[in-house]
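The structure file final_3.txt is reproduced below (compact mmCIF, C-alpha atoms and all ligand atoms).
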```txt
# COMPACT_ATOMS: atom_id res chain seq x y z
CA MET R 1271 23.70 5.47 9.07
CA HIS R 1272 22.89 5.88 5.39
CA LEU R 1273 19.85 8.13 4.77
CA ASN R 1274 18.10 5.30 2.97
CA ASP R 1275 18.56 2.98 5.96
CA LEU R 1276 17.19 5.67 8.25
CA PHE R 1277 14.02 6.05 6.16
CA ASP R 1278 13.79 2.27 5.97
CA VAL R 1279 13.73 2.04 9.78
CA ILE R 1280 11.24 4.88 10.22
CA PHE R 1281 8.73 3.69 7.64
CA ARG R 1282 9.06 0.00 8.51
CA TRP R 1283 8.42 0.70 12.17
CA ALA R 1284 5.49 3.00 11.42
CA HIS R 1285 4.13 0.47 8.92
CA LEU R 1286 4.19 -2.28 11.50
CA ILE R 1287 2.47 -0.13 14.14
CA ALA R 1288 -0.22 1.13 11.73
CA GLY R 1289 -0.73 -2.38 10.34
CA ILE R 1290 -1.27 -3.83 13.80
CA MET R 1291 -3.80 -1.09 14.58
CA TRP R 1292 -5.68 -1.59 11.32
CA VAL R 1293 -5.76 -5.37 11.26
CA GLY R 1294 -6.36 -5.50 15.02
CA ASN R 1295 -9.34 -3.17 14.73
CA SER R 1296 -10.79 -5.02 11.82
CA MET R 1297 -10.46 -8.39 13.56
CA LEU R 1298 -12.06 -7.00 16.72
CA PHE R 1299 -15.05 -5.67 14.78
CA ASN R 1300 -15.42 -8.96 12.93
CA TRP R 1301 -15.37 -10.73 16.23
CA LEU R 1302 -17.92 -8.32 17.73
CA ASP R 1303 -20.28 -8.83 14.78
CA ARG R 1304 -20.18 -12.57 15.10
CA ASN R 1305 -20.71 -12.57 18.85
CA LEU R 1306 -23.64 -10.18 19.08
CA GLU R 1307 -26.45 -11.42 21.28
CA LYS R 1308 -30.10 -10.69 20.83
CA VAL R 1309 -31.29 -9.59 24.25
CA ALA R 1310 -34.95 -9.21 25.13
CA GLY R 1311 -36.19 -5.63 25.40
CA GLN R 1312 -33.93 -4.17 22.73
CA GLY R 1313 -35.61 -1.76 20.31
CA PRO R 1314 -36.41 -2.61 16.67
CA LEU R 1315 -33.28 -0.80 15.49
CA SER R 1316 -30.98 -2.96 17.61
CA GLN R 1317 -28.85 -5.61 15.94
CA GLY R 1318 -27.55 -7.17 19.13
CA LYS R 1319 -25.54 -6.54 22.25
CA ILE R 1320 -22.30 -7.74 23.64
CA PHE R 1321 -20.75 -7.66 27.10
CA MET R 1322 -17.03 -7.77 27.64
CA VAL R 1323 -14.57 -7.37 30.46
CA HIS R 1324 -11.30 -5.57 29.84
CA SER R 1325 -9.00 -3.11 31.63
CA GLY R 1326 -10.76 -2.99 34.94
CA ALA R 1327 -14.44 -2.70 34.04
CA PHE R 1328 -17.23 -4.06 31.85
CA TYR R 1329 -18.03 -2.92 28.33
CA ASP R 1330 -21.67 -2.96 27.33
CA VAL R 1331 -21.77 -2.48 23.55
CA GLU R 1332 -24.81 -2.42 21.32
CA LYS R 1333 -24.86 -2.54 17.54
CA LYS R 1334 -27.83 -0.62 16.16
CA LEU R 1335 -29.21 1.78 13.62
CA LEU R 1336 -30.27 5.20 14.82
CA GLY R 1337 -33.50 7.09 14.42
CA PRO R 1338 -33.53 10.56 12.84
CA GLY R 1339 -32.06 13.19 15.15
CA GLU R 1340 -30.28 10.59 17.28
CA MET R 1341 -26.89 11.10 15.68
CA PRO R 1342 -24.34 11.66 18.47
CA LYS R 1343 -22.02 14.67 18.37
CA ILE R 1344 -18.89 12.57 18.53
CA LEU R 1345 -18.76 9.63 16.13
CA HIS R 1346 -15.57 7.59 15.87
CA TRP R 1347 -14.51 6.42 12.42
CA PHE R 1348 -11.92 3.80 11.71
CA LYS R 1349 -10.22 4.70 8.50
CA TRP R 1350 -6.90 6.38 9.27
CA GLN R 1351 -5.25 3.19 10.52
CA ASN R 1352 -5.83 1.78 7.06
CA PHE R 1353 -4.56 4.89 5.31
CA ALA R 1354 -1.45 5.04 7.50
CA THR R 1355 -0.68 1.37 6.81
CA TRP R 1356 -1.01 1.88 3.08
CA ALA R 1357 0.95 5.15 2.95
CA THR R 1358 3.84 3.81 5.03
CA GLY R 1359 3.80 0.55 3.04
CA ILE R 1360 4.02 2.33 -0.30
CA SER R 1361 6.80 4.57 1.04
CA LEU R 1362 8.72 1.54 2.22
CA PHE R 1363 8.27 -0.13 -1.16
CA VAL R 1364 9.63 2.98 -2.90
CA ILE R 1365 12.59 3.20 -0.50
CA VAL R 1366 13.54 -0.45 -0.72
CA TYR R 1367 12.68 -1.32 -4.32
CA TYR R 1368 12.68 1.87 -6.43
CA LEU R 1369 15.44 3.97 -4.90
CA ASN R 1370 19.10 2.99 -4.87
CA GLY R 1371 18.92 2.26 -8.59
CA ALA R 1372 16.03 -0.21 -8.17
CA GLY R 1373 18.61 -2.90 -7.40
CA GLY R 1374 16.11 -5.01 -5.47
CA LEU R 1375 13.30 -4.86 -8.02
CA VAL R 1376 14.98 -6.87 -10.75
CA ASP R 1377 17.43 -9.71 -10.55
CA PRO R 1378 19.64 -9.67 -13.65
CA SER R 1379 20.85 -13.18 -12.83
CA THR R 1380 17.37 -14.55 -13.63
CA HIS R 1381 15.54 -11.95 -15.78
CA ASP R 1382 17.45 -9.05 -17.18
CA VAL R 1383 14.76 -6.37 -17.25
CA ASP R 1384 15.72 -2.72 -17.62
CA ARG R 1385 15.32 -1.10 -14.21
CA THR R 1386 13.49 1.99 -15.40
CA VAL R 1387 11.06 -0.23 -17.28
CA ALA R 1388 10.62 -2.38 -14.17
CA VAL R 1389 9.83 0.65 -11.98
CA ALA R 1390 7.36 1.98 -14.57
CA MET R 1391 5.71 -1.44 -14.78
CA SER R 1392 5.55 -1.80 -11.03
CA ILE R 1393 3.85 1.59 -10.59
CA SER R 1394 1.36 1.11 -13.41
CA ILE R 1395 0.42 -2.39 -12.23
CA ILE R 1396 -0.69 -0.93 -8.88
CA PHE R 1397 -3.14 1.47 -10.55
CA VAL R 1398 -4.31 -0.88 -13.29
CA ALA R 1399 -4.98 -3.64 -10.74
CA TRP R 1400 -7.35 -1.36 -8.84
CA LEU R 1401 -9.13 -0.25 -12.02
CA ILE R 1402 -9.66 -3.82 -13.22
CA TYR R 1403 -10.74 -5.13 -9.83
CA ASP R 1404 -13.07 -2.23 -9.08
CA SER R 1405 -14.72 -2.29 -12.53
CA LEU R 1406 -15.07 -6.06 -12.40
CA TRP R 1407 -16.94 -5.91 -9.12
CA LYS R 1408 -19.06 -2.98 -10.22
CA LEU R 1409 -19.99 -4.56 -13.55
CA VAL R 1410 -20.20 -8.25 -12.66
CA GLY R 1411 -20.07 -8.35 -8.87
CA ASP R 1412 -23.56 -6.92 -8.29
CA SER R 1413 -25.32 -9.50 -10.44
CA ASN R 1414 -22.96 -12.46 -10.26
CA PRO R 1415 -20.60 -12.27 -7.28
CA ARG R 1416 -19.50 -15.89 -7.71
CA LEU R 1417 -18.26 -15.28 -11.26
CA ALA R 1418 -16.57 -12.03 -10.20
CA GLY R 1419 -14.92 -13.95 -7.35
CA ILE R 1420 -13.56 -16.64 -9.66
CA ILE R 1421 -12.27 -14.11 -12.19
CA SER R 1422 -10.60 -12.11 -9.38
CA ILE R 1423 -8.81 -15.15 -8.01
CA VAL R 1424 -7.64 -16.29 -11.46
CA LEU R 1425 -6.40 -12.78 -12.26
CA LEU R 1426 -4.61 -12.50 -8.91
CA PHE R 1427 -2.81 -15.82 -9.33
CA ALA R 1428 -1.96 -15.11 -12.96
CA SER R 1429 -0.52 -11.73 -11.92
CA ILE R 1430 1.69 -13.38 -9.32
CA PHE R 1431 3.06 -15.68 -12.00
CA GLY R 1432 3.47 -12.69 -14.33
CA PHE R 1433 5.37 -10.71 -11.68
CA SER R 1434 7.79 -13.60 -11.23
CA LEU R 1435 8.75 -13.29 -14.90
CA PHE R 1436 9.93 -9.70 -14.50
CA PHE R 1437 10.74 -8.96 -10.88
CA SER R 1438 13.21 -10.46 -8.42
CA GLY R 1439 11.85 -13.08 -6.02
CA LYS R 1440 11.42 -10.73 -3.09
CA ALA R 1441 9.97 -8.04 -5.33
CA THR R 1442 7.46 -10.55 -6.77
CA TYR R 1443 6.13 -11.08 -3.26
CA MET R 1444 6.20 -7.41 -2.34
CA GLN R 1445 4.59 -6.29 -5.60
CA THR R 1446 1.78 -8.73 -4.85
CA GLY R 1447 1.56 -7.32 -1.32
CA VAL R 1448 1.44 -3.73 -2.54
CA VAL R 1449 -1.27 -4.61 -5.06
CA ILE R 1450 -3.37 -6.42 -2.45
CA GLY R 1451 -2.82 -3.62 0.09
CA THR R 1452 -3.90 -1.06 -2.50
CA LEU R 1453 -7.05 -3.01 -3.38
CA MET R 1454 -7.89 -3.24 0.32
CA THR R 1455 -7.27 0.48 0.82
CA GLY R 1456 -9.32 1.28 -2.28
CA ASN R 1457 -12.12 -0.83 -0.83
CA VAL R 1458 -12.01 1.13 2.42
CA TRP R 1459 -11.93 4.61 0.86
CA MET R 1460 -14.01 4.09 -2.27
CA CYS R 1461 -16.68 1.69 -1.00
CA ILE R 1462 -16.76 1.17 2.74
CA VAL R 1463 -16.30 4.78 3.91
CA PRO R 1464 -18.80 6.14 1.30
CA SER R 1465 -21.29 3.56 2.50
CA GLN R 1466 -20.78 4.77 6.07
CA HIS R 1467 -21.29 8.37 4.92
CA GLU R 1468 -24.51 7.31 3.24
CA LEU R 1469 -25.62 5.66 6.49
CA VAL R 1470 -24.87 8.85 8.46
CA ASN R 1471 -26.67 11.04 5.91
CA ALA R 1472 -29.68 8.72 5.70
CA THR R 1473 -29.90 8.67 9.48
CA LYS R 1474 -29.74 12.47 9.70
CA GLU R 1475 -32.42 12.80 7.04
CA GLY R 1476 -34.56 10.11 8.62
CA ARG R 1477 -34.69 7.89 5.52
CA ASP R 1478 -33.57 4.33 4.80
CA GLN R 1479 -30.03 4.03 3.46
CA ASP R 1480 -29.56 3.14 -0.18
CA PRO R 1481 -28.94 -0.64 -0.07
CA ALA R 1482 -26.65 -0.48 -3.14
CA PHE R 1483 -24.00 1.17 -0.95
CA SER R 1484 -24.19 -1.31 1.87
CA ILE R 1485 -24.24 -4.42 -0.34
CA ARG R 1486 -21.10 -3.28 -2.14
CA ALA R 1487 -19.41 -2.29 1.11
CA LYS R 1488 -20.22 -5.67 2.62
CA GLN R 1489 -18.72 -7.50 -0.39
CA ARG R 1490 -15.55 -5.46 -0.25
CA SER R 1491 -15.09 -5.89 3.46
CA ILE R 1492 -15.37 -9.65 3.02
CA HIS R 1493 -12.60 -9.44 0.40
CA ASN R 1494 -10.44 -7.46 2.82
CA ASN R 1495 -11.13 -9.99 5.52
CA TYR R 1496 -9.86 -12.90 3.38
CA LEU R 1497 -6.86 -10.97 2.12
CA THR R 1498 -5.48 -10.11 5.57
CA PHE R 1499 -3.69 -13.37 6.38
CA PRO R 1500 -2.09 -13.76 2.94
CA LEU R 1501 -0.99 -10.12 3.12
CA LEU R 1502 0.56 -10.60 6.56
CA PHE R 1503 2.53 -13.54 5.17
CA ILE R 1504 3.83 -11.36 2.35
CA MET R 1505 4.83 -8.65 4.83
CA VAL R 1506 7.25 -11.03 6.53
CA SER R 1507 8.20 -13.00 3.40
CA ASN R 1508 11.53 -11.19 3.18
CA HIS R 1509 12.71 -13.52 5.89
CA PHE R 1510 11.98 -16.65 3.86
CA GLY R 1511 14.70 -16.62 1.25
CA GLY R 1512 13.98 -20.29 0.55
CA ALA R 1513 10.53 -19.25 -0.73
CA THR R 1514 11.23 -15.92 -2.42
CA SER R 1515 14.34 -17.00 -4.32
CA HIS R 1516 13.03 -20.42 -5.37
CA PRO R 1517 12.39 -20.89 -9.11
CA LEU R 1518 8.78 -21.76 -8.20
CA ASN R 1519 8.40 -18.80 -5.82
CA TRP R 1520 5.10 -17.82 -7.49
CA LEU R 1521 3.61 -21.26 -6.85
CA ILE R 1522 4.69 -21.19 -3.21
CA LEU R 1523 3.06 -17.80 -2.76
CA ILE R 1524 -0.21 -18.95 -4.34
CA LEU R 1525 -0.38 -22.08 -2.19
CA VAL R 1526 0.42 -20.21 1.01
CA MET R 1527 -2.22 -17.60 0.13
CA ILE R 1528 -4.82 -20.34 -0.33
CA GLY R 1529 -3.87 -21.79 3.05
CA GLY R 1530 -3.88 -18.37 4.72
CA ALA R 1531 -7.30 -17.44 3.35
CA GLY R 1532 -8.47 -20.89 4.46
CA ILE R 1533 -7.46 -20.25 8.06
CA ARG R 1534 -9.37 -16.99 7.96
CA HIS R 1535 -12.40 -18.73 6.49
CA PHE R 1536 -12.69 -21.26 9.28
CA MET R 1537 -12.14 -18.56 11.87
CA ASN R 1538 -14.94 -16.59 10.20
CA ILE R 1539 -17.47 -19.38 10.41
CA ARG R 1540 -16.58 -20.10 14.02
CA TYR R 1541 -19.31 -18.02 15.63
CA LEU R 1542 -22.97 -18.75 15.15
CA GLY R 1543 -24.16 -15.50 16.72
CA ASN R 1544 -25.76 -14.99 20.10
CA GLY R 1545 -22.42 -15.87 21.67
CA ARG R 1546 -22.70 -19.44 20.41
CA GLU R 1547 -19.72 -21.11 18.86
CA ARG R 1548 -19.44 -24.02 16.48
CA ALA R 1549 -17.88 -27.18 17.91
CA VAL R 1550 -14.11 -26.93 17.98
CA ALA R 1551 -13.81 -29.86 15.56
CA ALA R 1552 -15.89 -27.96 13.02
CA TRP R 1553 -13.60 -24.94 12.80
CA LEU R 1554 -10.32 -25.36 14.67
CA PHE R 1555 -9.40 -28.58 12.92
CA PRO R 1556 -10.07 -27.31 9.37
CA ALA R 1557 -8.36 -23.99 10.22
CA ALA R 1558 -5.30 -25.83 11.48
CA SER R 1559 -5.41 -28.04 8.37
CA ALA R 1560 -5.45 -24.94 6.14
CA GLY R 1561 -2.42 -23.68 8.05
CA ALA R 1562 -0.72 -27.05 7.70
CA PHE R 1563 -1.48 -26.97 3.98
CA ALA R 1564 0.25 -23.59 3.70
CA ILE R 1565 3.32 -24.71 5.65
CA ALA R 1566 3.52 -28.10 3.92
CA SER R 1567 3.31 -26.45 0.48
CA LEU R 1568 6.08 -24.12 1.53
CA MET R 1569 8.26 -27.01 2.62
CA ILE R 1570 7.49 -29.37 -0.25
CA VAL R 1571 7.85 -26.90 -3.09
CA THR R 1572 11.06 -25.41 -1.70
CA ARG R 1573 12.50 -28.96 -1.74
CA ILE R 1574 11.82 -29.72 -5.37
CA ASP R 1575 14.00 -28.54 -8.19
CA ALA R 1576 16.70 -27.31 -5.81
CA ARG R 1577 19.15 -25.15 -7.68
CA SER R 1578 22.12 -27.24 -8.64
CA VAL R 1579 25.82 -26.44 -8.51
CA ASP R 1580 28.79 -28.06 -10.19
CA ASN R 1581 29.91 -31.22 -8.48
CA ILE R 1582 33.47 -30.94 -7.20
CA ASP R 1583 35.30 -34.16 -6.34
CA GLU R 1584 38.79 -33.05 -5.32
CA PRO R 1585 39.17 -31.28 -1.95
CA VAL R 1586 38.99 -27.50 -1.96
CA SER R 1587 41.58 -25.65 0.11
CA PHE R 1588 40.70 -22.78 2.41
CA LYS R 1589 42.92 -20.56 0.31
CA ARG R 1590 40.70 -21.24 -2.70
CA ALA R 1591 37.46 -20.73 -0.72
CA GLN R 1592 38.73 -17.44 0.65
CA GLU R 1593 39.74 -16.34 -2.83
CA ILE R 1594 36.18 -16.92 -4.09
CA ILE R 1595 34.68 -15.11 -1.11
CA ALA R 1596 37.13 -12.22 -1.47
CA THR R 1597 36.13 -11.61 -5.09
CA ARG R 1598 32.42 -12.51 -4.93
CA CYS R 1599 31.29 -11.54 -1.42
CA VAL R 1600 33.73 -9.13 0.23
CA PRO R 1601 32.91 -6.26 -2.17
CA CYS R 1602 29.77 -5.97 0.01
CA HIS R 1603 30.41 -8.07 3.11
CA SER R 1604 33.35 -6.16 4.50
CA THR R 1605 34.00 -3.58 7.18
CA HIS R 1606 34.78 -1.26 4.27
CA PRO R 1607 32.74 -2.43 1.26
CA SER R 1608 33.92 -1.39 -2.18
CA ASP R 1609 30.41 -1.75 -3.66
CA ASP R 1610 28.82 1.40 -5.10
CA VAL R 1611 25.47 0.88 -3.34
CA PHE R 1612 26.24 -0.95 -0.09
CA THR R 1613 28.50 1.34 1.89
CA ALA R 1614 28.12 -0.66 5.10
CA PRO R 1615 28.25 -4.48 5.35
CA PRO R 1616 24.70 -5.71 4.48
CA ALA R 1617 22.96 -7.47 7.39
CA GLY R 1618 26.12 -6.70 9.39
CA LEU R 1619 27.84 -9.70 7.78
CA ARG R 1620 31.62 -9.31 7.34
CA LEU R 1621 33.74 -11.93 5.62
CA ASP R 1622 37.16 -10.25 5.79
CA SER R 1623 39.02 -12.68 8.07
CA PRO R 1624 39.35 -16.51 8.05
CA ARG R 1625 37.58 -16.62 11.42
CA GLN R 1626 34.61 -14.57 10.12
CA ILE R 1627 34.35 -16.85 7.10
CA GLN R 1628 34.50 -19.98 9.22
CA VAL R 1629 31.83 -19.00 11.77
CA ASN R 1630 29.50 -18.00 8.93
CA ALA R 1631 30.08 -21.14 6.88
CA LYS R 1632 26.53 -22.45 7.43
CA ALA R 1633 24.99 -19.15 6.36
CA ILE R 1634 27.26 -19.01 3.31
CA ARG R 1635 26.17 -22.54 2.35
CA LEU R 1636 22.51 -21.58 2.72
CA ARG R 1637 22.61 -18.36 0.73
CA ALA R 1638 25.30 -19.05 -1.88
CA VAL R 1639 24.67 -22.77 -2.50
CA ASP R 1640 21.13 -23.83 -1.48
CA GLN R 1641 19.11 -20.70 -2.11
CA GLN R 1642 21.60 -19.06 -4.44
CA ASN R 1643 20.29 -15.59 -3.62
CA MET R 1644 23.80 -14.45 -2.75
CA PRO R 1645 25.76 -12.65 -4.12
CA PHE R 1646 22.93 -10.13 -4.21
CA ASN R 1647 21.51 -10.25 -7.76
CA ASN R 1648 24.78 -12.04 -8.52
CA LYS R 1649 26.29 -8.62 -8.92
CA THR R 1650 29.81 -10.01 -8.59
CA GLY R 1651 29.19 -12.76 -11.14
CA ILE R 1652 29.85 -15.95 -9.17
CA THR R 1653 29.92 -19.10 -11.32
CA ARG R 1654 28.24 -22.49 -10.79
CA ARG R 1655 31.68 -23.98 -10.37
CA GLU R 1656 32.61 -21.52 -7.64
CA ARG R 1657 29.36 -22.28 -5.80
CA GLY R 1658 30.28 -25.96 -6.07
CA GLU R 1659 33.73 -25.25 -4.66
CA LEU R 1660 32.27 -23.36 -1.69
CA LYS R 1661 29.87 -26.25 -1.09
CA LYS R 1662 32.69 -28.80 -1.15
CA TRP R 1663 34.87 -26.76 1.22
CA ILE R 1664 31.98 -26.29 3.69
CA ASP R 1665 30.73 -29.89 3.48
CA ASP R 1666 34.27 -31.12 4.18
CA GLY R 1667 34.22 -29.28 7.50
CA ALA R 1668 34.99 -25.64 6.61
CA ARG R 1669 38.57 -25.98 7.86
CA THR R 1670 40.88 -22.99 7.74
CA ASP R 1671 44.17 -24.86 8.27
C1 LIG S 1701 26.16 -6.61 -3.99
C2 LIG S 1701 26.28 -6.82 -2.59
C3 LIG S 1701 26.38 -8.20 -2.05
C4 LIG S 1701 27.25 -9.19 -2.40
C5 LIG S 1701 28.32 -9.14 -3.48
C6 LIG S 1701 26.99 -10.29 -1.52
N1 LIG S 1701 25.98 -9.99 -0.66
FE1 LIG S 1701 25.28 -11.13 0.85
N2 LIG S 1701 23.94 -9.69 1.36
C7 LIG S 1701 23.74 -8.53 0.65
C8 LIG S 1701 22.54 -7.89 1.15
C9 LIG S 1701 21.95 -6.60 0.63
C10 LIG S 1701 22.05 -8.68 2.20
C11 LIG S 1701 20.82 -8.41 3.07
C12 LIG S 1701 19.57 -8.82 2.36
C13 LIG S 1701 19.34 -10.28 2.36
O1 LIG S 1701 19.53 -10.94 3.39
O2 LIG S 1701 18.96 -10.79 1.29
C14 LIG S 1701 22.95 -9.80 2.30
C15 LIG S 1701 22.81 -10.82 3.23
C16 LIG S 1701 23.61 -11.94 3.26
C17 LIG S 1701 23.48 -12.99 4.23
C18 LIG S 1701 22.47 -13.03 5.38
C19 LIG S 1701 23.11 -12.44 6.62
C20 LIG S 1701 22.14 -12.39 7.76
O3 LIG S 1701 22.62 -12.53 8.89
O4 LIG S 1701 20.94 -12.17 7.54
C21 LIG S 1701 24.41 -13.93 3.94
C22 LIG S 1701 24.70 -15.21 4.69
C23 LIG S 1701 25.14 -13.45 2.79
N3 LIG S 1701 24.63 -12.25 2.41
C24 LIG S 1701 26.16 -14.15 2.18
C25 LIG S 1701 26.82 -13.72 1.04
C26 LIG S 1701 27.82 -14.52 0.37
C27 LIG S 1701 28.30 -15.89 0.81
C28 LIG S 1701 28.23 -13.79 -0.69
C29 LIG S 1701 29.23 -14.19 -1.74
C30 LIG S 1701 29.05 -15.47 -2.37
C31 LIG S 1701 27.48 -12.53 -0.67
N4 LIG S 1701 26.64 -12.55 0.39
C32 LIG S 1701 27.67 -11.50 -1.58
C33 LIG S 1701 24.52 -8.03 -0.35
C34 LIG S 1701 25.57 -8.72 -0.95
```

Go ahead and express the file in the form of structure tokens.
Ligand code: HEC
Amino acid sequence: MHLNDLFDVIFRWAHLIAGIMWVGNSMLFNWLDRNLEKVAGQGPLSQGKIFMVHSGAFYDVEKKLLGPGEMPKILHWFKWQNFATWATGISLFVIVYYLNGAGGLVDPSTHDVDRTVAVAMSISIIFVAWLIYDSLWKLVGDSNPRLAGIISIVLLFASIFGFSLFFSGKATYMQTGVVIGTLMTGNVWMCIVPSQHELVNATKEGRDQDPAFSIRAKQRSIHNNYLTFPLLFIMVSNHFGGATSHPLNWLILILVMIGGAGIRHFMNIRYLGNGRERAVAAWLFPAASAGAFAIASLMIVTRIDARSVDNIDEPVSFKRAQEIIATRCVPCHSTHPSDDVFTAPPAGLRLDSPRQIQVNAKAIRLRAVDQQNMPFNNKTGITRRERGELKKWIDDGARTD
């Protein structure tokens, strides 16, 4: 196994595990908050109780502030899951998109951006995005959160469009994901954790906590809450070539993000507190509609403006199809690739023999004709005519005789 592939596996696996722990925790705490019950006889510092059954016994949890001197010796914090998710995510981004000559970051067949420039841009965008977002919310967010919210959303969507002008389709999605993940991690470490420290210190000193900390922390954790579902979509977007390699990939991403945040919104408003829940029609239906909006946008936009190929009327022989595949695909998709970067057949796909070509005809049609994201970055320079010839050969039954 190539060293790069090995790191890819390690960091991807760790990223998934850490991400599940972080998002899982955060959803559980959101759920707890919304289900707290006011029970008679609780002290003035109590914010509610909740009773649960899990793993063989009952959990009796109370949310409360503490009086001075009541601080327990062992206090559990929840911040490393977030850090681990971010650190493994950034590492994975570097491994997949910056190393190996940054082949995945730019797609010369659509925008021919110098790779070093693209890497430099990608890195600086991550930092600049945090600076802009954080300053915006510090300067405008305190006094006018609505305005700050609108500006943030406009900037986010404009950035996605901007990324699509420089980066490859997949990298446009991942750059967005890395930016969002970094904002969320910044929120945790620069706002939410400091606010928790302030709470601990105030409690120890027996004074009220400075509300400025908690208001800001609350705002930022709401942002994180809404960004989770869109971010999870981006994490798996690599599997949706129809979306990432579409000429309107930026629009698809924006629409799916709106739908994803919508689902989260209706899940958020589901609980009325004290264990009471809104009627199913008031939250499940709109949440499902937001999901349907996301999926429908995905399907509709990927259908329009399908990439065209040359129309071929005369039949195409297998000999001709194999010739195209041998020059345009086999440099990578072979038991022994001749490509300088891919030393093993990518995705395990080999197109050396007639049989291998025939059984993969559907996949070839999808990637080389419909989505046109193969050959990878069109490294082997396939032409529109050759795509048309492959299409004709496959549509006529992909016969090898
Ligand atoms: C420069 C190397 C390169 C060339 C040339 C290339 N591919 Fe690929 N191919 C890849 C990589 C990398 C992947 C895995 C990433 C992905 O799926 O986008 C892949 C994946 C695929 C897959 C998906 C396989 C699966 O099971 O997930 C198909 C189908 C495919 N290529 C078809 C083709 C066809 C058809 C051609 C020629 C027209 C071609 N490729 C040329 C690098 C290449």

Protein and nucleic acid residues within 9 Å of ligand LIG 1701 (chain S) (only C-alpha atoms and all ligand atoms) as a VMD selection string
chain R and resid 1374 1440 1508 to 1509 1511 1594 to 1603 1607 1609 to 1612 1615 to 1621 1627 1630 to 1639 1642 to 1652 1656 to 1657 1660

Pick from R:Leu1276, R:Ile1421, R:Ala1614, R:Met1537: nearest to Trp1407 in chain R, with only C-alpha atoms counted?
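Smallest separation from Trp1407 in chain R among the options: R:Ile1421.
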
Kindly provide, as a ChimeraX atom specification, the polymer residues lying within 9 Å of (26.9, 4.6, 5.2), counting all atoms listed in the file and using the coordinates exactly as they appear in the file.
/R:1271-1273,1275,1612-1614

Exercise: Leu1306 in chain R partners within 10 Å, only C-alpha atoms, chain neighbours under 5 positions left out, as a PDB file with C-alpha atoms, in the coordinates of the input:
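The resulting part.pdb:
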```
ATOM      1  CA  TRP R1301     -15.370 -10.730  16.230  1.00  0.00           C
ATOM      2  CA  GLN R1317     -28.850  -5.610  15.940  1.00  0.00           C
ATOM      3  CA  GLY R1318     -27.550  -7.170  19.130  1.00  0.00           C
ATOM      4  CA  LYS R1319     -25.540  -6.540  22.250  1.00  0.00           C
ATOM      5  CA  ILE R1320     -22.300  -7.740  23.640  1.00  0.00           C
ATOM      6  CA  PHE R1321     -20.750  -7.660  27.100  1.00  0.00           C
ATOM      7  CA  VAL R1331     -21.770  -2.480  23.550  1.00  0.00           C
ATOM      8  CA  GLU R1332     -24.810  -2.420  21.320  1.00  0.00           C
ATOM      9  CA  LYS R1333     -24.860  -2.540  17.540  1.00  0.00           C
ATOM     10  CA  TYR R1541     -19.310 -18.020  15.630  1.00  0.00           C
ATOM     11  CA  LEU R1542     -22.970 -18.750  15.150  1.00  0.00           C
ATOM     12  CA  GLY R1543     -24.160 -15.500  16.720  1.00  0.00           C
ATOM     13  CA  ASN R1544     -25.760 -14.990  20.100  1.00  0.00           C
ATOM     14  CA  GLY R1545     -22.420 -15.870  21.670  1.00  0.00           C
ATOM     15  CA  ARG R1546     -22.700 -19.440  20.410  1.00  0.00           C
TER      16      ARG R1546
END
```

Quick one: everything within 12 Å of Ile1492 in chain R, counting all atoms listed in the file, minus sequence neighbours fewer than 2 positions away in the same chain. Send it as a PyMOL selection string.
chain R and resi 1296-1297+1300+1415+1419+1454+1457-1458+1462+1485-1490+1494-1498+1531+1534-1535+1538

d(CA of Ser1465 in chain R, CA of Phe1483 in chain R) in Å:
5.0 Å
